[in-house]
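Visitor: Sharing a structure below in structure tokens format, with a few things to ask.
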Amino acid sequence: MIYNIAEFSKKLDISEESIKQFIQDFNLEISDCFSPNLNITQNFETFATENQEFLKKYDDDLGKEKSAEEIAEKIHQPIEKVEQIIQYQSPNIFDNGIYKSSISSFRIDNQLGGDYQFVYNYFGNKTELKKRDFIGYRDLFFYISEMLESFINPEQSKNWGIQKAAGIVVYGPPGSGKIFWAKKIAEMINFDFYEVRQSQLKSTLNNNKDNFDDYLTQMLRKENIVLFLENFDQIMMQKSENQIINSEYNDVKESIFHYIEKFEKENLLMIGSAKELEGIESEILAPGRFDVLIPIFPPNKQERAEILLFNMTKNLSKDAILLKILENNQANQIPFWQETAEKMKVFSNTMLVDFTQSLKKRIRSLYLKNKTENIHINQGILDSSLKESASKLTGDYLNNVQQFLSEADDNSYDRFAGRIEALKEELEAYKTKEEPRRTIGFHPNEE
């Protein structure tokens, strides 16, 4: 029998939240646990069924309020080590030092070397990086799945009267992967994906093309679709004095306001992509409209290392020359890329792709010059590609990251505290430090 997570949690008598948190705490790959439309995989079903008592203990522990001292005592570890692990990952703490239910003693124990090999034995045939649907972002995946619960679980509407979202705003710095996640959302709710092209935003009839109002009417006639709209923050910009409004954007804005009440009834979900939320018309973000806000983060350090390896090996045949060169340098493994990933602070996904493309070209040039697979991928080659890919790391981009952090902090800190704090720390590396000013004249103790 095929189960979704709601059905499976009832079968196990364990909360959905515990199952999701367990997968994150033990770093299990999403693709090893869920199919694209959020059904439980056979591997995870077998593991959970055969280890139901263990998962119930995990569930009980997750729901208890506990101090770092109590966690340390339970897992027989020094309190200093326990506090160090949860310092940034779990700031959700009461004034009296008791942690809320987002902390798992089992997670801390696992990170401090506890023996949980029996968990990983069920996932021995781990999905290769190049075959995965996506890399990392477990926390974001589950956050999105919760935001889509009304689409996935019909009971929300039937038993609780919770309506489906008419619109979603995915926001984040340029190149962070907003269109990828919009497509992922369509896949998760089994809707067809359509991207609005610039030509469809035209408000006048050119070359027999319909205007956006007509286009939206056509889309509403279709069944179960996600409509992705770029530049949502510009299109939905709040009017201000002395501001020149793009007439085409204004027509699009009015059309969306006019038709938005029909979106849910006609099973149309619009996803707007924005660099930032600031300046968007407040009325469009009101309940029942685009009231689901999803932050799309640049990858963290570990994800960067995995993405670099993924992009270096993507689409290569088993006997590819590049793959042999990577193997000779042990660059077909994540540890090789960790030092480079460390240097790529606040890099977007696009910048990582730029880096790997640059590096591939440099390696190919060396191969053509030397006619050998024994090419050393040295620090000089890596640094040259790093410098080239960093060209998009402009002041504007860093300002976008700063604004994104502020908005993610306001809207989703409790869910993404670890990511937000890590990104803040990385951004600090680019902030200009003012040198102390020397006063003019002599000091009294100077000769």
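So you can find residues: chains in the structure tokens are A, B, ... in the order shown, residues in each start at 1, and ligands are numbered from 1 in order.
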Identify, on the basis of only C-alpha atoms, every residue whose closest approach to Met219 of chain A does not exceed 12 Å; exclude the query and any residue fewer than 5 positions from it along the same chain; express the result as a list of chain:residue names.
Guide: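 Using only C-alpha atoms, the neighbours found are A:Asp192, A:Phe193, A:Tyr194, A:Glu195, A:Val196, A:Gln200, A:Phe212, A:Asp213, A:Asp214, A:Asn224, A:Ile225, A:Val226, A:Leu227, A:Phe228, A:Tyr259, A:Lys262, A:Phe263, A:Glu266, A:Asn267, A:Leu268, A:Leu269, A:Met270.
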Visitor: Need to verify the contact set: segment 382-385 of chain A, 10 Å, only C-alpha atoms, exclusion of same-chain residues closer than 3 positions in sequence. Can you return it as a list in words?
Guide: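 Neighbouring residues, sequence-local ones excluded: Trp337, Thr340, Lys343, Asp354, Phe355, Thr356, Gln357, Ser358, Leu359, Lys360, Lys361, Arg362, Ile377, Asn378, Gln379, Glu388, Ser389 and Ala390 of chain A.
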Visitor: Taking only segment 158-195 of chain A into account, list the residues labelled helix (DSSP H, G or I) by DSSP (computed from the backbone), as a ChimeraX atom specification.
Guide: /A:158-160,178-188
Visitor: Between atom CA of Asp291 of chain A and atom CA of Gly167 of chain A, measure the distance and give it in Å to one decimal.
Guide: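 These two atoms are separated by 6.8 Å.
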Visitor: As a PyMOL selection string, please: every residue in segment 31-174 of chain A that DSSP puts in strand (DSSP E).
Guide: chain A and resi 66-67+98-99+167-171
Visitor: With C-alpha atoms retained, could you export that selection as a tab-separated table (two decimals), in the first residue's frame?
Guide:
```tsv
chain	number	residue	atom	x	y	z
A	66	LYS	CA	14.41	19.84	28.48
A	67	SER	CA	17.55	21.68	29.46
A	98	ILE	CA	14.59	24.81	29.03
A	99	TYR	CA	14.47	23.98	25.33
A	167	GLY	CA	-0.83	32.63	-4.35
A	168	ILE	CA	2.66	32.02	-2.98
A	169	VAL	CA	5.64	34.36	-2.99
A	170	VAL	CA	9.07	32.73	-3.17
A	171	TYR	CA	11.65	35.35	-2.27
```
Visitor: Find the residues near Ile307 of chain A: any atom within 9 Å, counting only C-alpha atoms, skip ones fewer than 6 places away on the same chain, and give them as an NGL selection string.
Guide: :A and (129 or 135-136 or 299 or 349 or 352-353)
Visitor: Smallest atom-to-atom distance to Glu248 of chain A: which of A:Ala305, A:Leu201, A:Leu55, A:Ile179, using only C-alpha atoms?
Guide: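 Closest residue, counting only C-alpha atoms: A:Leu201.
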Visitor: In terms of the shortest atom-to-atom distance over only C-alpha atoms, which of A:Met147, A:His76, A:Phe142, A:Phe44 is closest to Gly113 of chain A?
Guide: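 Counting only C-alpha atoms, the residue closest to Gly113 of chain A is A:His76.
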Visitor: Tell me, as a PDB file with C-alpha atoms, in the first residue's frame, which residues lie within 9 Å of Met188 of chain A, counting only C-alpha atoms; anything in the same chain fewer than 5 positions away does not count.
Guide:
```pdb
ATOM      1  CA  PRO A  36       8.352  13.400  -5.655  1.00  0.00           C
ATOM      2  CA  ASN A  37       4.648  13.700  -4.716  1.00  0.00           C
ATOM      3  CA  LEU A  38       5.396  13.081  -1.010  1.00  0.00           C
ATOM      4  CA  SER A 145       5.314  20.691   2.348  1.00  0.00           C
ATOM      5  CA  LEU A 148       1.079  23.008   0.859  1.00  0.00           C
ATOM      6  CA  ILE A 152      -1.886  17.538  -0.259  1.00  0.00           C
ATOM      7  CA  LYS A 183       8.658  23.693 -10.163  1.00  0.00           C
TER       8      LYS A 183
END
```
Visitor: Could you please determine the separation between atom CA of Phe257 of chain A and atom CA of Asn190 of chain A in Å, to one decimal place?
Guide: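 Answer for the atom CA of Phe257 of chain A to atom CA of Asn190 of chain A separation: 25.4 Å.
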Visitor: Give me, as a VMD selection string, all polymer residues having an atom no more than 12 Å from Tyr116 of chain A, counting only C-alpha atoms and skipping those fewer than 3 positions away in the same chain.
Guide: chain A and resid 25 to 27 51 54 106 to 113 119 to 122
Visitor: Atoms to include: N, CA and C atoms. Write the selected residues as a PDB file, in the first residue's frame.
Guide:
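Produced file selection_25.pdb, reproduced below:
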```pdb
ATOM      1  N   ASP A  25      17.227  15.339  11.394  1.00  0.00           N
ATOM      2  CA  ASP A  25      18.207  15.107  12.460  1.00  0.00           C
ATOM      3  C   ASP A  25      19.237  14.056  12.076  1.00  0.00           C
ATOM      4  N   PHE A  26      18.813  13.062  11.294  1.00  0.00           N
ATOM      5  CA  PHE A  26      19.721  11.977  10.913  1.00  0.00           C
ATOM      6  C   PHE A  26      20.235  12.131   9.481  1.00  0.00           C
ATOM      7  N   ASN A  27      20.008  13.308   8.895  1.00  0.00           N
ATOM      8  CA  ASN A  27      20.546  13.634   7.570  1.00  0.00           C
ATOM      9  C   ASN A  27      20.213  12.585   6.513  1.00  0.00           C
ATOM     10  N   ASN A  51      11.201  -0.455  13.174  1.00  0.00           N
ATOM     11  CA  ASN A  51      11.787   0.286  14.301  1.00  0.00           C
ATOM     12  C   ASN A  51      10.775   1.254  14.906  1.00  0.00           C
ATOM     13  N   PHE A  54      11.522   2.472  18.490  1.00  0.00           N
ATOM     14  CA  PHE A  54      12.585   3.482  18.525  1.00  0.00           C
ATOM     15  C   PHE A  54      12.033   4.845  18.120  1.00  0.00           C
ATOM     16  N   PHE A 106      18.296  12.602  20.718  1.00  0.00           N
ATOM     17  CA  PHE A 106      18.861  11.618  19.794  1.00  0.00           C
ATOM     18  C   PHE A 106      19.732  12.299  18.736  1.00  0.00           C
ATOM     19  N   ARG A 107      19.300  13.468  18.275  1.00  0.00           N
ATOM     20  CA  ARG A 107      20.104  14.193  17.281  1.00  0.00           C
ATOM     21  C   ARG A 107      21.454  14.594  17.870  1.00  0.00           C
ATOM     22  N   ILE A 108      21.426  15.128  19.075  1.00  0.00           N
ATOM     23  CA  ILE A 108      22.667  15.542  19.730  1.00  0.00           C
ATOM     24  C   ILE A 108      23.578  14.340  19.921  1.00  0.00           C
ATOM     25  N   ASP A 109      22.992  13.220  20.369  1.00  0.00           N
ATOM     26  CA  ASP A 109      23.772  12.003  20.601  1.00  0.00           C
ATOM     27  C   ASP A 109      24.391  11.500  19.302  1.00  0.00           C
ATOM     28  N   ASN A 110      23.625  11.543  18.228  1.00  0.00           N
ATOM     29  CA  ASN A 110      24.127  11.104  16.923  1.00  0.00           C
ATOM     30  C   ASN A 110      25.300  11.963  16.468  1.00  0.00           C
ATOM     31  N   GLN A 111      25.198  13.280  16.673  1.00  0.00           N
ATOM     32  CA  GLN A 111      26.261  14.188  16.251  1.00  0.00           C
ATOM     33  C   GLN A 111      27.517  14.046  17.111  1.00  0.00           C
ATOM     34  N   LEU A 112      27.335  13.539  18.327  1.00  0.00           N
ATOM     35  CA  LEU A 112      28.485  13.348  19.219  1.00  0.00           C
ATOM     36  C   LEU A 112      29.022  11.917  19.178  1.00  0.00           C
ATOM     37  N   GLY A 113      28.630  11.169  18.140  1.00  0.00           N
ATOM     38  CA  GLY A 113      29.230   9.853  17.926  1.00  0.00           C
ATOM     39  C   GLY A 113      28.429   8.678  18.412  1.00  0.00           C
ATOM     40  N   VAL A 119      20.104   2.605  11.772  1.00  0.00           N
ATOM     41  CA  VAL A 119      19.234   3.479  10.969  1.00  0.00           C
ATOM     42  C   VAL A 119      19.717   3.503   9.525  1.00  0.00           C
ATOM     43  N   TYR A 120      21.012   3.737   9.362  1.00  0.00           N
ATOM     44  CA  TYR A 120      21.580   3.918   8.019  1.00  0.00           C
ATOM     45  C   TYR A 120      21.662   2.605   7.242  1.00  0.00           C
ATOM     46  N   ASN A 121      21.615   1.474   7.951  1.00  0.00           N
ATOM     47  CA  ASN A 121      21.657   0.177   7.271  1.00  0.00           C
ATOM     48  C   ASN A 121      20.473  -0.007   6.325  1.00  0.00           C
ATOM     49  N   TYR A 122      19.368   0.642   6.632  1.00  0.00           N
ATOM     50  CA  TYR A 122      18.176   0.523   5.784  1.00  0.00           C
ATOM     51  C   TYR A 122      18.304   1.329   4.497  1.00  0.00           C
TER      52      TYR A 122
END
```
Visitor: Please identify all polymer residues within 10 Å of Leu393 of chain A, counting only C-alpha atoms, omitting same-chain residues fewer than 2 positions from it, and present them as a list in words.
Guide: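 With the cut-off at 10 Å, the set is Met344, Lys345, Val346, Phe347, Ser348, Met351, Lys387, Ser389, Ala390, Ser391, Gly395, Asp396, Tyr397, Leu398 and Tyr430 of chain A.
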Visitor: What lies within 12 Å of Ser104 of chain A using only C-alpha atoms, ignoring chain neighbours under 2 positions off, as an NGL selection string?
Guide: :A and (18 or 21-26 or 55 or 57-68 or 70-72 or 74-75 or 82 or 85-86 or 89-90 or 99-102 or 106-111)
Visitor: Write out the residues from the selection above, keeping N, CA and C atoms, as a tab-separated table (two decimals), in the first residue's frame.
Guide:
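The new file out_3.tsv reads:
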```tsv
chain	number	residue	atom	x	y	z
A	18	SER	N	7.36	14.66	13.97
A	18	SER	CA	8.48	13.81	14.42
A	18	SER	C	9.15	13.11	13.25
A	21	GLN	N	11.17	15.71	11.38
A	21	GLN	CA	12.34	16.15	12.15
A	21	GLN	C	13.38	15.04	12.23
A	22	PHE	N	12.92	13.79	12.32
A	22	PHE	CA	13.84	12.65	12.37
A	22	PHE	C	14.69	12.59	11.10
A	23	ILE	N	14.06	12.76	9.95
A	23	ILE	CA	14.78	12.73	8.67
A	23	ILE	C	15.85	13.81	8.63
A	24	GLN	N	15.53	14.99	9.16
A	24	GLN	CA	16.50	16.08	9.19
A	24	GLN	C	17.60	15.82	10.22
A	25	ASP	N	17.23	15.34	11.39
A	25	ASP	CA	18.21	15.11	12.46
A	25	ASP	C	19.24	14.06	12.08
A	26	PHE	N	18.81	13.06	11.29
A	26	PHE	CA	19.72	11.98	10.91
A	26	PHE	C	20.24	12.13	9.48
A	55	LEU	N	11.22	4.87	17.07
A	55	LEU	CA	10.65	6.14	16.61
A	55	LEU	C	9.67	6.72	17.64
A	57	LYS	N	10.05	6.41	20.90
A	57	LYS	CA	10.93	7.02	21.91
A	57	LYS	C	11.44	8.37	21.41
A	58	TYR	N	11.78	8.42	20.13
A	58	TYR	CA	12.23	9.68	19.53
A	58	TYR	C	11.11	10.71	19.60
A	59	ASP	N	9.90	10.29	19.28
A	59	ASP	CA	8.73	11.17	19.29
A	59	ASP	C	8.48	11.73	20.69
A	60	ASP	N	8.55	10.86	21.70
A	60	ASP	CA	8.35	11.30	23.10
A	60	ASP	C	9.42	12.30	23.51
A	61	ASP	N	10.66	12.00	23.14
A	61	ASP	CA	11.78	12.88	23.52
A	61	ASP	C	11.65	14.25	22.85
A	62	LEU	N	11.24	14.24	21.58
A	62	LEU	CA	11.14	15.49	20.83
A	62	LEU	C	10.10	16.42	21.45
A	63	GLY	N	9.05	15.82	22.02
A	63	GLY	CA	7.96	16.62	22.58
A	63	GLY	C	8.20	17.13	23.98
A	64	LYS	N	9.27	16.70	24.61
A	64	LYS	CA	9.55	17.11	26.00
A	64	LYS	C	10.37	18.39	26.05
A	65	GLU	N	10.02	19.25	27.01
A	65	GLU	CA	10.85	20.41	27.29
A	65	GLU	C	12.02	19.94	28.15
A	66	LYS	N	13.23	20.36	27.78
A	66	LYS	CA	14.41	19.84	28.48
A	66	LYS	C	15.54	20.86	28.42
A	67	SER	N	16.39	20.79	29.41
A	67	SER	CA	17.55	21.68	29.46
A	67	SER	C	18.75	20.98	28.83
A	68	ALA	N	19.77	21.77	28.52
A	68	ALA	CA	21.01	21.19	27.99
A	68	ALA	C	21.60	20.21	29.00
A	70	GLU	N	19.97	18.32	31.14
A	70	GLU	CA	19.20	17.07	31.11
A	70	GLU	C	19.55	16.24	29.87
A	71	ILE	N	19.75	16.91	28.74
A	71	ILE	CA	20.16	16.20	27.52
A	71	ILE	C	21.52	15.55	27.73
A	72	ALA	N	22.47	16.32	28.29
A	72	ALA	CA	23.82	15.80	28.53
A	72	ALA	C	23.80	14.59	29.45
A	74	LYS	N	21.28	12.50	29.91
A	74	LYS	CA	20.62	11.38	29.25
A	74	LYS	C	21.54	10.66	28.28
A	75	ILE	N	22.36	11.41	27.54
A	75	ILE	CA	23.20	10.79	26.51
A	75	ILE	C	24.64	10.59	26.99
A	82	VAL	N	27.25	19.54	24.37
A	82	VAL	CA	25.83	19.63	24.03
A	82	VAL	C	25.45	21.08	23.71
A	85	ILE	N	26.75	22.34	20.26
A	85	ILE	CA	26.02	21.86	19.09
A	85	ILE	C	24.72	22.64	18.87
A	86	ILE	N	24.03	22.94	19.96
A	86	ILE	CA	22.71	23.57	19.81
A	86	ILE	C	22.76	25.10	19.85
A	89	GLN	N	21.96	26.13	16.09
A	89	GLN	CA	20.92	25.36	15.41
A	89	GLN	C	19.55	25.52	16.06
A	90	SER	N	19.52	25.75	17.36
A	90	SER	CA	18.25	25.74	18.08
A	90	SER	C	18.16	26.85	19.11
A	99	TYR	N	14.69	23.93	26.77
A	99	TYR	CA	14.47	23.98	25.33
A	99	TYR	C	13.08	23.49	24.98
A	100	LYS	N	12.51	24.14	23.97
A	100	LYS	CA	11.21	23.71	23.47
A	100	LYS	C	11.36	22.39	22.71
A	101	SER	N	10.26	21.94	22.13
A	101	SER	CA	10.23	20.59	21.57
A	101	SER	C	10.98	20.42	20.25
A	102	SER	N	11.67	21.48	19.78
A	102	SER	CA	12.40	21.34	18.52
A	102	SER	C	13.76	20.67	18.72
A	106	PHE	N	18.30	12.60	20.72
A	106	PHE	CA	18.86	11.62	19.79
A	106	PHE	C	19.73	12.30	18.74
A	107	ARG	N	19.30	13.47	18.27
A	107	ARG	CA	20.10	14.19	17.28
A	107	ARG	C	21.45	14.59	17.87
A	108	ILE	N	21.43	15.13	19.07
A	108	ILE	CA	22.67	15.54	19.73
A	108	ILE	C	23.58	14.34	19.92
A	109	ASP	N	22.99	13.22	20.37
A	109	ASP	CA	23.77	12.00	20.60
A	109	ASP	C	24.39	11.50	19.30
A	110	ASN	N	23.63	11.54	18.23
A	110	ASN	CA	24.13	11.10	16.92
A	110	ASN	C	25.30	11.96	16.47
A	111	GLN	N	25.20	13.28	16.67
A	111	GLN	CA	26.26	14.19	16.25
A	111	GLN	C	27.52	14.05	17.11
```
